[in-house]
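Have a look at the structure below, then the notes.
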Amino acid sequence: MVAAPVEPGHEADLRALLATMNLSPGVADPLNALVPFGRFESLHVARFVILEDETVGDLAAHGGSFPYAPTYLVFLGDCDGSPAAQLDAIERSARPGLRKIFAHCVGFSDQTDLGAWMRSHAVRPSTAYVNWVGRTVTQVREEQRLHAALLSALVSVAPSSDPVATWRALKLSPDVQRVTLSPPQRTPIAWLVGRLARLFADIVLLIVLFPLLLLYLPFFLIILRWREGAEPMVPQPVDSQKRAAIAAYEDHEVTNSFTAIGSLKPGFFRLTLAIFALWSLELTCRYLYVRGRLARVGTIHFARWVFMDGHRRLLFASNYDGGLDSYMDDFINKAGFGLNAVFSNGVGYPRTKWLLWDGATNEEAFKAFLKRHQVLTEVWYRAYPGLTTFDLSRNSRIRAGYQRASLSEAEAARWLALI
Amino acid sequence: MPLAVTEKEDIQALVRSGLPTLTEAEFWICRIRNAAMARAFLTAAPVTTAADLSVHQTTAVQIALSAEGMRALGLPAEVVGGFSPEFVAGLAGDPSRSRRLGDVGPSAPGAWTWGYPRAPDVLVMLYAEPGGLDALRQQIATLAGELAFDVTVLPTSDMGGHEPFGFVDGVSQPAIDWGGTRSPGTPDDLEYGSLITAGEFLLGYENEYGRFTGRPTIAPTGAAIDLLPAAADDPQRRDVGRNGAYLVFRQLRQDVRSFWRFAAEQAGPAGAQGLAEAMVGRKISGDPLEPVLARPLPGVGPAPASLEQNNFTFGADPDGTVCPLGAHIRRANPRTADMPGGRGDILSRAVRMLGWTKEDPRADVVAASRFHRIVRRGREYGESADPATLMQEDAPDPLCGLNFICLNANISRQFEFVQSAWVMSAKFDGLTGEQDPVLGNRVPVPQTEPTSGFSLPSPAGPARRLGALPQFVTVIGGAYFFLPGVRALRFMASEPAA
């Protein structure tokens with residue numbers, strides 16, 4: 001992710017420039033002239049956002065103020081392999097377009113070295129979630145082709161009451177056999193080593209922190225409950241025109257993007273709590289929630305939480321299946337406790353109880369909070385429109401059954417039902 | 001425990017009942033011509049209440065207003081703006097909403113016969129026993145006078161409890177918890193139930209989150225002091241919303257000939273009814289395809305018809321081999337509980353809540369039903385014909401359909417969610433390439449796939465797939481209204497403060 005302050009006064013021009021990358025509002029042109037996302041075979045999703053934060057003033061209710069809250073231009077995406085290598089690849093082949101875009105940012109001139117500039121404006125997320133770690137764009141596309149080929153082959157295959165025979169016949173269908181299925185790429189050793197080292201470091205850190213956290217816990221709970229009662233409630237009116245403008249960019253296919261920004265409540269307590277909550281979430285995303293679900297929520301493709309402005313603000317960006325309202329319902333009904341732990345450290349969040357309870361289940365206040373902090377995603381690209389997380393995992397299961405050497409009758413029947 | 005509903009004399013009758021014995025009905029779509037006269041009519045109109053239904057009624061009058069109507073009456077912005085954003089914007093007020101709801105292509109508002117570009121102001125609903133409608137119409141027309149409104153009349157017809165395709169209609173309804181006997185959000189909700197808090201259908205009471213849905217409340221001054229009740233959650237203020245419900249009205253045209261011809265083409269004349277029943281998820285008689293359970297579900301029964309037709313879930317049919325996953329009634333109410341796996345012990349609940357289960361990926365795809373229920377009060381219009389006739393070569397093409405009417409307290413979480421996330425979604429319950437086989441608009445998902453399919457899962461092999469379903473249902477008009485409590489209606493009709 002690259003974030004750079006927009007030169008004041010350039011917002012409208014930048015917005016107009018970014019709009020040229022869309023076929024229509026909310027639908028990016030994969031081969032647009034500025035950054036042809038579709039050419040990058042390892043890029044899953046990407047977006048450009050002008051982070052216009054209309055909620056900075058809410059901090060006043062807490063007696064705080066923001067000395068410097070620039071409007072950032074944010075360019076972020078999710079890819080296979082190394083993000084740095086992906087950024088280099090994009091830089092190499094979309095240099096003129098990127099220069100045109102970043103020319104609206106503070107400190108960018110004709111002489112600026114684009115690659116070095118992007119690297120110096122790169123921001124690391126404190127938490128990143130990936131629906132299925134290791135599933136590549138190539139794999140997604142190939143498995144989708146396999147599914148389509150099987151679907152059409154089903155029509156011509158001789159009907160049989162024996163599921164195993166039907167499975168065999170489908171396997172032998174020429175159209176199906178024509179689909180290339182690249183063998184799964186071996187996980188790079190360096191990645192595995194890095195991950196093991198990280199796991200080791202995380203465990204050491206947990207062991208070291210544990211007694212300290214235990215000592216802190218009683219004080220923490222007292223301060224938490226006191227703050228939960230005493231912190232001011234900041235009204236979260238939603239500007240219906242802004243909401244309508246964002247809605248115009250939503251629901252053009254089966255998946256949507258969500259981008260939001262907000263300020264943290266002032267003070268050491270909320271800051272450390274937010275950092276700790278996001279670190280815990282990062283650990284679960286890294287080691288536990290790597291196969292299709294974040295707790296009970298299965299509709300998120302990619303999500304990230306990024307501290308900005310020296311931990312004063314938090315950016316949340318995600319890619320999810322379905323409409324915004326069903327997404328928010330999932331948050332409330334399936335993962336309210338997790339949302340509370342992170343976002344209740346933000347200004348304007350509905351009151352929580354013992355950190356995990358209430359908050360999100362104050363349904364209307366919670367939805368208003370999210371809608372108020374949402375910002376328009378000017379350009380949003382997705383490598384495989386029309387496919388939900390459910391489709392992706394189903395296609396992988398179809399592929400697994402297809403490549404098996406033999407299936408029992410019950411397995412074959414289940415496999416056929418997947419198609 | 002949630003607040004009990006005790007003010008039935010303040011609630012319009014339609015919330016309590018669909019008025020099935022009053023088989024004659026018509027709906028007046030009104031534009032206010034003269035605000036003073038309209039106010040006089042709304043003050044004097046004999047509105048039938050839920051309390052009135054305790055004794056036999058031969059007629060009934062119900063009145064609802066749109067946001068435009070409230071503005072035309074001179075209600076202050078504070079009141080109108082206190083209603084939900086989707087009500088204020090209106091059913092056809094925003095192309096993004098129309099896209100979400102599937103009101104595109106032939107169903108797009110631009111082609112509607114009413115409700116666009118401007119929503120009507122007032123909806124007057126007249127109901128009468130057979131032979132009584134003419135007199136009621138005369139009485140109400142005289143009361144309104146000729147100058148108060150421009151009126152478009154939407155007639156209805158009595159199809160004997162069937163909708164135009166021939167199926168028994170309005171079989172499944174949530175039971176409203178009038179007494180506040182059920183606290184929502186307890187482990188009981190880990191099993192499906194149909195007893196739903198009053199606050200899901202009436203403003204001013206706790207909803208399924210145990211909260212009061214947002215609504216206009218005002219300082220106790222002027223007419224509000226005498227007319228309006230105090231807000232239960234904010235007694236310093238008077239409640240404009242209390243005892244009122246949002247009323248979603250959509251006039252649907254049903255192409256009954258195309259429906260039955262399609263069924264006959266795909267399954268032959270002998271199999272057509274079976275296929276149509278699979279698409280709907282119920283038999284023509286209203287009986288479910290799923291077997292009914294032995295133990296009554298909360299909110300179902302004790303009437304035998306209710307137990308026979310509604311005491312079931314889809315829990316024992318996760319693959320849709322009995323009732324297809326995409327069948328109409330399964331999309332409109334998937335009968336899901338808060339979490340798959342039932343009640344279980346506290347440890348199993350915690351494990352499931354954290355998502356640490358190795359369950360079937362399909363198990364947790366569909367949201368919990370209790371947050372997405374609506375009360376349906378629709379009426380048919382036009383003349384239909386029986387399926388056997390409609391399947392014939394030279395079948396007539398009757399002009400008929402349904403005036404779909406539903407009541408809810410949160411349009412976006414209830415009606416709009418059901419319509420967009422379940423009925424129209426091309427991805428409901430992990431399906432691909434299909435929408436509701438009855439209601440779908442068949443508009444493809446842009447850049448990708450068609451939505452005109454329908455799959456009938458089979459236990460022994462691949463699903464049977466139908467393609468190229470025609471559009472059987474087209475929206476031809478509609479609006480969001482508010483069906484106020486009687487006191488709130490009189491308040492809205494009172495002289496605006498200068």
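Just remember, in the structure tokens the first chain shown is A, the second B, etc., residues are 1-based per chain, and ligands are 1-based in the order shown.
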
>> Would you pick out the contacts of Thr55 (chain A) at 8 Å or less, using only C-alpha atoms, so that residues sharing its chain but fewer than 6 positions from it are not included, and give the list as a list in words?
In response: Gly262, Ser263, Arg372 and His373 of chain A

> Once you count only C-alpha atoms, which residues of chain B turn out to be within 7 Å of chain A? Could you give them as JSON, numbers by chain?
Replying inline: {"B": [96, 100, 209, 353, 354, 355, 421, 430, 445, 446, 448, 457, 460, 461, 462, 463]}

> Among region 99-346 of chain A, which ones does DSSP place in helix (DSSP H, G or I), written as a VMD selection string?
Replying inline: chain A and resid 99 to 102 114 to 120 137 to 156 163 to 172 174 to 177 189 to 230 240 to 247 268 to 287 324 to 343

>> Which residues are close to Ala276 (chain B), i.e. within 8 Å by only C-alpha atoms, leaving aside same-chain residues fewer than 3 positions away? Reply as a PyMOL selection string.
In response: chain B and resi 260+263+272-273+279-280

Please list as a JSON list (two decimals) with N, CA, C and O atoms, in the first residue's frame every residue within 10 Å of Pro76 (chain B), counting only C-alpha atoms and excluding residues in the same chain fewer than 5 positions away.
[["chain", "number", "residue", "atom", "x", "y", "z"],
["B", 70, "MET", "N", -46.13, 13.21, 3.60],
["B", 70, "MET", "CA", -45.90, 13.92, 4.86],
["B", 70, "MET", "C", -45.43, 15.35, 4.61],
["B", 70, "MET", "O", -45.87, 16.28, 5.28],
["B", 71, "ARG", "N", -44.58, 15.50, 3.61],
["B", 71, "ARG", "CA", -44.11, 16.85, 3.29],
["B", 71, "ARG", "C", -45.27, 17.69, 2.75],
["B", 71, "ARG", "O", -45.42, 18.85, 3.12],
["B", 81, "GLY", "N", -37.62, 13.66, 8.39],
["B", 81, "GLY", "CA", -36.24, 13.19, 8.38],
["B", 81, "GLY", "C", -35.94, 12.22, 9.51],
["B", 81, "GLY", "O", -34.89, 11.58, 9.52],
["B", 492, "MET", "N", -50.43, 13.91, 12.25],
["B", 492, "MET", "CA", -49.93, 14.32, 10.94],
["B", 492, "MET", "C", -50.99, 15.16, 10.21],
["B", 492, "MET", "O", -50.65, 16.00, 9.36],
["B", 496, "PRO", "N", -50.33, 22.38, 10.66],
["B", 496, "PRO", "CA", -48.91, 22.54, 10.98],
["B", 496, "PRO", "C", -48.68, 23.82, 11.78],
["B", 496, "PRO", "O", -49.39, 24.81, 11.59],
["B", 497, "ALA", "N", -47.71, 23.76, 12.68],
["B", 497, "ALA", "CA", -47.37, 24.94, 13.48],
["B", 497, "ALA", "C", -46.88, 26.04, 12.55],
["B", 497, "ALA", "O", -46.14, 25.78, 11.60]]

> In region 179-298 of chain A, what's strand (DSSP E) per DSSP? Answer as a VMD selection string?
Replying inline: chain A and resid 255 to 263

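Counting only C-alpha atoms, the residue from B:Asp233, B:Asn243, B:Val423, B:Phe165 that sits nearest to Pro398 (chain B) is B:Phe165.
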
> If you count only C-alpha atoms, which residues fall within 7 Å of region 182-186 of chain B, apart from same-chain ones fewer than 3 positions away, as number ranges by chain?
Replying inline: B: 1-2, 189, 208-210

Selection to disk with C-alpha atoms, as a PDB file, in the first residue's frame:
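And here is the file that came out, again.pdb:
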ATOM      1  CA  MET B   1     -38.667  -8.996  28.579  1.00  0.00           C
ATOM      2  CA  PRO B   2     -39.643  -6.710  25.687  1.00  0.00           C
ATOM      3  CA  ASP B 189     -32.393 -18.521  18.988  1.00  0.00           C
ATOM      4  CA  GLU B 208     -34.739  -8.530  17.452  1.00  0.00           C
ATOM      5  CA  TYR B 209     -31.623  -6.787  18.770  1.00  0.00           C
ATOM      6  CA  GLY B 210     -33.551  -5.730  21.867  1.00  0.00           C
TER       7      GLY B 210
END

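Among the candidates B:Gly105, B:Val248, B:Gln62, B:Leu439, the one nearest to Gly90 (chain B) when counting only C-alpha atoms is B:Val248.
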
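In this structure, CA of Trp178 (chain B) sits 19.9 Å away from CA of Val240 (chain B).
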
> What's the 10 Å shell around Ala19 (chain A), counting only C-alpha atoms, without same-chain residues fewer than 5 positions away, as a ChimeraX atom specification?
Replying inline: /A:13-14,24-28,378-379

Could the residues in this selection be written to a file with all heavy atoms, as a PDB file, in the first residue's frame?
ATOM      1  N   ASP A  13      -9.258  17.421  -9.569  1.00  0.00           N
ATOM      2  CA  ASP A  13      -8.547  16.972 -10.775  1.00  0.00           C
ATOM      3  C   ASP A  13      -8.149  15.510 -10.650  1.00  0.00           C
ATOM      4  O   ASP A  13      -8.255  14.740 -11.610  1.00  0.00           O
ATOM      5  CB  ASP A  13      -7.285  17.822 -10.988  1.00  0.00           C
ATOM      6  CG  ASP A  13      -7.629  19.225 -11.450  1.00  0.00           C
ATOM      7  OD1 ASP A  13      -8.803  19.442 -11.814  1.00  0.00           O
ATOM      8  OD2 ASP A  13      -6.736  20.091 -11.432  1.00  0.00           O
ATOM      9  N   LEU A  14      -7.665  15.161  -9.453  1.00  0.00           N
ATOM     10  CA  LEU A  14      -7.245  13.775  -9.230  1.00  0.00           C
ATOM     11  C   LEU A  14      -8.438  12.836  -9.380  1.00  0.00           C
ATOM     12  O   LEU A  14      -8.359  11.787 -10.013  1.00  0.00           O
ATOM     13  CB  LEU A  14      -6.628  13.652  -7.831  1.00  0.00           C
ATOM     14  CG  LEU A  14      -6.190  12.255  -7.411  1.00  0.00           C
ATOM     15  CD1 LEU A  14      -5.199  11.663  -8.413  1.00  0.00           C
ATOM     16  CD2 LEU A  14      -5.560  12.280  -6.018  1.00  0.00           C
ATOM     17  N   SER A  24     -17.382   2.394 -15.934  1.00  0.00           N
ATOM     18  CA  SER A  24     -18.531   3.123 -15.419  1.00  0.00           C
ATOM     19  C   SER A  24     -18.287   3.217 -13.927  1.00  0.00           C
ATOM     20  O   SER A  24     -17.419   2.518 -13.396  1.00  0.00           O
ATOM     21  CB  SER A  24     -19.824   2.367 -15.738  1.00  0.00           C
ATOM     22  OG  SER A  24     -19.785   1.082 -15.175  1.00  0.00           O
ATOM     23  N   PRO A  25     -19.028   4.072 -13.212  1.00  0.00           N
ATOM     24  CA  PRO A  25     -18.764   4.215 -11.771  1.00  0.00           C
ATOM     25  C   PRO A  25     -18.787   2.860 -11.063  1.00  0.00           C
ATOM     26  O   PRO A  25     -19.749   2.106 -11.181  1.00  0.00           O
ATOM     27  CB  PRO A  25     -19.906   5.113 -11.292  1.00  0.00           C
ATOM     28  CG  PRO A  25     -20.284   5.915 -12.488  1.00  0.00           C
ATOM     29  CD  PRO A  25     -20.083   4.988 -13.664  1.00  0.00           C
ATOM     30  N   GLY A  26     -17.711   2.547 -10.368  1.00  0.00           N
ATOM     31  CA  GLY A  26     -17.650   1.295  -9.620  1.00  0.00           C
ATOM     32  C   GLY A  26     -17.119   0.108 -10.409  1.00  0.00           C
ATOM     33  O   GLY A  26     -16.928  -0.964  -9.856  1.00  0.00           O
ATOM     34  N   VAL A  27     -16.912   0.294 -11.704  1.00  0.00           N
ATOM     35  CA  VAL A  27     -16.414  -0.815 -12.538  1.00  0.00           C
ATOM     36  C   VAL A  27     -15.109  -0.372 -13.207  1.00  0.00           C
ATOM     37  O   VAL A  27     -15.121   0.410 -14.155  1.00  0.00           O
ATOM     38  CB  VAL A  27     -17.444  -1.217 -13.613  1.00  0.00           C
ATOM     39  CG1 VAL A  27     -16.937  -2.407 -14.413  1.00  0.00           C
ATOM     40  CG2 VAL A  27     -18.790  -1.526 -12.981  1.00  0.00           C
ATOM     41  N   ALA A  28     -13.993  -0.879 -12.696  1.00  0.00           N
ATOM     42  CA  ALA A  28     -12.701  -0.491 -13.252  1.00  0.00           C
ATOM     43  C   ALA A  28     -12.492  -1.151 -14.607  1.00  0.00           C
ATOM     44  O   ALA A  28     -12.937  -2.275 -14.839  1.00  0.00           O
ATOM     45  CB  ALA A  28     -11.582  -0.890 -12.300  1.00  0.00           C
ATOM     46  N   GLU A 378     -12.517   5.135  -5.356  1.00  0.00           N
ATOM     47  CA  GLU A 378     -12.646   5.726  -6.697  1.00  0.00           C
ATOM     48  C   GLU A 378     -12.454   4.681  -7.795  1.00  0.00           C
ATOM     49  O   GLU A 378     -13.178   4.670  -8.788  1.00  0.00           O
ATOM     50  CB  GLU A 378     -11.605   6.833  -6.889  1.00  0.00           C
ATOM     51  CG  GLU A 378     -11.598   7.901  -5.814  1.00  0.00           C
ATOM     52  CD  GLU A 378     -12.657   8.960  -6.034  1.00  0.00           C
ATOM     53  OE1 GLU A 378     -13.212   9.031  -7.149  1.00  0.00           O
ATOM     54  OE2 GLU A 378     -12.927   9.714  -5.088  1.00  0.00           O
ATOM     55  N   VAL A 379     -11.454   3.830  -7.607  1.00  0.00           N
ATOM     56  CA  VAL A 379     -11.167   2.806  -8.602  1.00  0.00           C
ATOM     57  C   VAL A 379     -10.983   1.490  -7.871  1.00  0.00           C
ATOM     58  O   VAL A 379     -10.202   1.407  -6.923  1.00  0.00           O
ATOM     59  CB  VAL A 379      -9.866   3.120  -9.379  1.00  0.00           C
ATOM     60  CG1 VAL A 379      -9.620   2.045 -10.434  1.00  0.00           C
ATOM     61  CG2 VAL A 379      -9.927   4.493 -10.012  1.00  0.00           C
TER      62      VAL A 379
END

> Quick one: residues within 12 Å of region 190-202 of chain A, only C-alpha atoms counted, chain neighbours fewer than 6 positions away excluded, as a PyMOL selection string?
Replying inline: chain A and resi 81-82+134+208-210+279-280+282-284+286-287

Produce a file of the selected residues containing C-alpha atoms, as a PDB file, in the first residue's frame.
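As a result, out_18.pdb now contains:
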ATOM      1  CA  GLY A  81       4.141 -13.543  -3.825  1.00  0.00           C
ATOM      2  CA  SER A  82       6.059 -10.536  -2.658  1.00  0.00           C
ATOM      3  CA  GLY A 134      -1.759 -19.599  -1.022  1.00  0.00           C
ATOM      4  CA  VAL A 208       7.385 -12.699  27.665  1.00  0.00           C
ATOM      5  CA  LEU A 209       4.248 -10.597  27.547  1.00  0.00           C
ATOM      6  CA  PHE A 210       2.001 -13.048  29.304  1.00  0.00           C
ATOM      7  CA  TRP A 279      -1.811  -7.556  16.881  1.00  0.00           C
ATOM      8  CA  SER A 280      -3.953 -10.372  18.300  1.00  0.00           C
ATOM      9  CA  GLU A 282      -3.021 -10.376  13.002  1.00  0.00           C
ATOM     10  CA  LEU A 283      -1.822 -13.494  14.826  1.00  0.00           C
ATOM     11  CA  THR A 284      -5.148 -15.253  14.280  1.00  0.00           C
ATOM     12  CA  ARG A 286      -1.624 -15.482  10.209  1.00  0.00           C
ATOM     13  CA  TYR A 287      -1.997 -18.857  11.878  1.00  0.00           C
TER      14      TYR A 287
END

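Pairwise distance (CA of Gly342 (chain B), CA of Asn395 (chain A)) equals 28.6 Å.
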
> So how many Å separate CA of Ser318 (chain A) and CA of Ala3 (chain A), to one decimal?
Replying inline: 16.4 Å

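Using only C-alpha atoms, the smallest distance between any of A:Val137, A:Val45, A:Cys79, A:Ala368 and Gln236 (chain A) comes from A:Ala368.
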